[in-house]
Amino acid sequence: MDGSGGSGGKLARHLTLIRTGAAGAVVVALIAAVALTLSEGLGHRPGDGPGATLWQPPSAEAPPSARDGACEYPAQVLDLTGWKVTMPTGSDEKPKEVEQPELATFDETPWFQPTQGCQGVAFRAPVNGITTSGSHYPRSELREMGPDGEPASWSSDSGTHTFVVDEAFTALPQGRPNLVGAQIHDDSDDVSVFRLEGSDLYITKGSDPHYKLVTGDYVLGTRFEAKFVVHDDTVRAYYNGTLQATFPASFSDAYFKAGAYTQANCEEDGVPCSSSNYGETTIYRLAVNHS
């Protein structure tokens, strides 16, 4: 073979490699573009922060919990020593309840699980969830327990009782966008709660659901601190450290609660009846003190 034929063959092979490399680059670029589009189209995950659409809950498909060894259970994120949890699952008027020590290694996706990154715990209750016999509404909610493992029970006229919850409302049910995130409860009913209705965040007083409007422009995912202090038959409620409401109240057999108590029922309120229609909160920290 003469020298001119060898050069031509090398040139042809070189051009072929160039064309192959260019085609590969195009394929890589297309894959990257598709991945970016898909990532931008995904809904928010519990704990992702502000920016979720107010009236629409995120996808019913649960986001991946932190399962990388950093945390597997909610009790690895929050101190749940003095709590039990009531779930929106179970049998008719008998929702599942989990106490310590089982609570230390319990989760139930997507209703009660660590958030992505283990920064908080997501509580989710669908409008078609199981309810207790004393309520029309479903819940994924913690209930205060005493140091002896029995249900906590204290009185407004004895001692000082303080409850702090660092949380965010992350989804509201369609049709009736009402959700309770923290409350004081006595032997028969709630005494006061932090209640979100659309973008209006209220502190309630007994049967008055609109006793104090804290803010009229709450955005889903906004993290805040709710605080109750009960002393000398008086309830004081704080929002981000600022006193919002003070009112007299005498009650006994009391306890604190926190989580997602969805104020919508598909059988009674005519809301879209599906497990993809739910209320959801994320709790980052909670603390109780009795003195």
# chains A, B, ... in the order shown; residues from 1 in each chain; ligands from 1
>>> residues_around(residues="region 201-203 of chain A", least_positions_apart="2", cutoff="9 Å", atoms="only C-alpha atoms", output="list of chain:residue names")
A:Ser192, A:Val193, A:Phe194, A:Arg195, A:Leu196, A:Glu197, A:Gly198, A:Ser199, A:Lys205, A:Pro209, A:His210, A:Tyr211, A:Lys212, A:Leu213, A:Val214, A:Thr215, A:Gly216, A:Asp217, A:Tyr218, A:Ala237, A:Gln244, A:Ala245
>>> residues_around(residues="region 219-232 of chain A", least_positions_apart="4", cutoff="6 Å", atoms="only C-alpha atoms", output="count of residues only")
21
>>> closest_residue(among="A:Val180, A:Ala260, A:Leu80, A:Val191", to="Thr105 (chain A)", atoms="only C-alpha atoms")
A:Leu80
>>> closest_residue(among="A:Cys71, A:Ala182, A:Ala254, A:Ala287", to="Pro114 (chain A)", atoms="only C-alpha atoms")
A:Cys71
>>> residues_around(residues="Val271 (chain A)", least_positions_apart="3", cutoff="10 Å", atoms="only C-alpha atoms", output="PyMOL selection string")
chain A and resi 127-128+173-177+264-268+274+277
>>> atom_distance(atom1="CA of Asp187 (chain A)", atom2="CA of Ser158 (chain A)")
16.0 Å
>>> atom_distance(atom1="CA of Glu141 (chain A)", atom2="CA of Trp111 (chain A)")
9.8 Å
>>> residues_around(residues="Gly129 (chain A)", least_positions_apart="6", cutoff="7 Å", atoms="only C-alpha atoms", output="PyMOL selection string")
chain A and resi 88-89+138
>>> write_last_selection(atoms="N, CA and C atoms", output="mmCIF file, in the first residue's frame")
data_model
loop_
_atom_site.group_PDB
_atom_site.id
_atom_site.type_symbol
_atom_site.label_atom_id
_atom_site.label_comp_id
_atom_site.auth_asym_id
_atom_site.auth_seq_id
_atom_site.Cartn_x
_atom_site.Cartn_y
_atom_site.Cartn_z
ATOM 1 N N PRO A 88 -53.919 7.876 61.066
ATOM 2 C CA PRO A 88 -55.175 7.900 60.299
ATOM 3 C C PRO A 88 -55.492 6.533 59.697
ATOM 4 N N THR A 89 -54.846 5.499 60.193
ATOM 5 C CA THR A 89 -55.054 4.136 59.721
ATOM 6 C C THR A 89 -55.586 3.276 60.866
ATOM 7 N N PRO A 138 -59.793 13.030 60.738
ATOM 8 C CA PRO A 138 -58.628 12.157 60.868
ATOM 9 C C PRO A 138 -57.404 12.920 61.362
#
>>> atom_distance(atom1="CA of Thr204 (chain A)", atom2="CA of Ile283 (chain A)")
20.0 Å
>>> closest_residue(among="A:Thr81, A:Thr86, A:Gln119, A:Thr281", to="Gly149 (chain A)", atoms="only C-alpha atoms")
A:Thr81
>>> residues_around(residues="Lys94 (chain A)", least_positions_apart="3", cutoff="7 Å", atoms="only C-alpha atoms", output="PDB file with C-alpha atoms, in the first residue's frame")
ATOM      1  CA  GLY A  90     -56.629   1.213  61.552  1.00  0.00           C
ATOM      2  CA  SER A  91     -60.212  -0.047  61.758  1.00  0.00           C
ATOM      3  CA  THR A 132     -61.538   8.340  66.687  1.00  0.00           C
TER       4      THR A 132
END
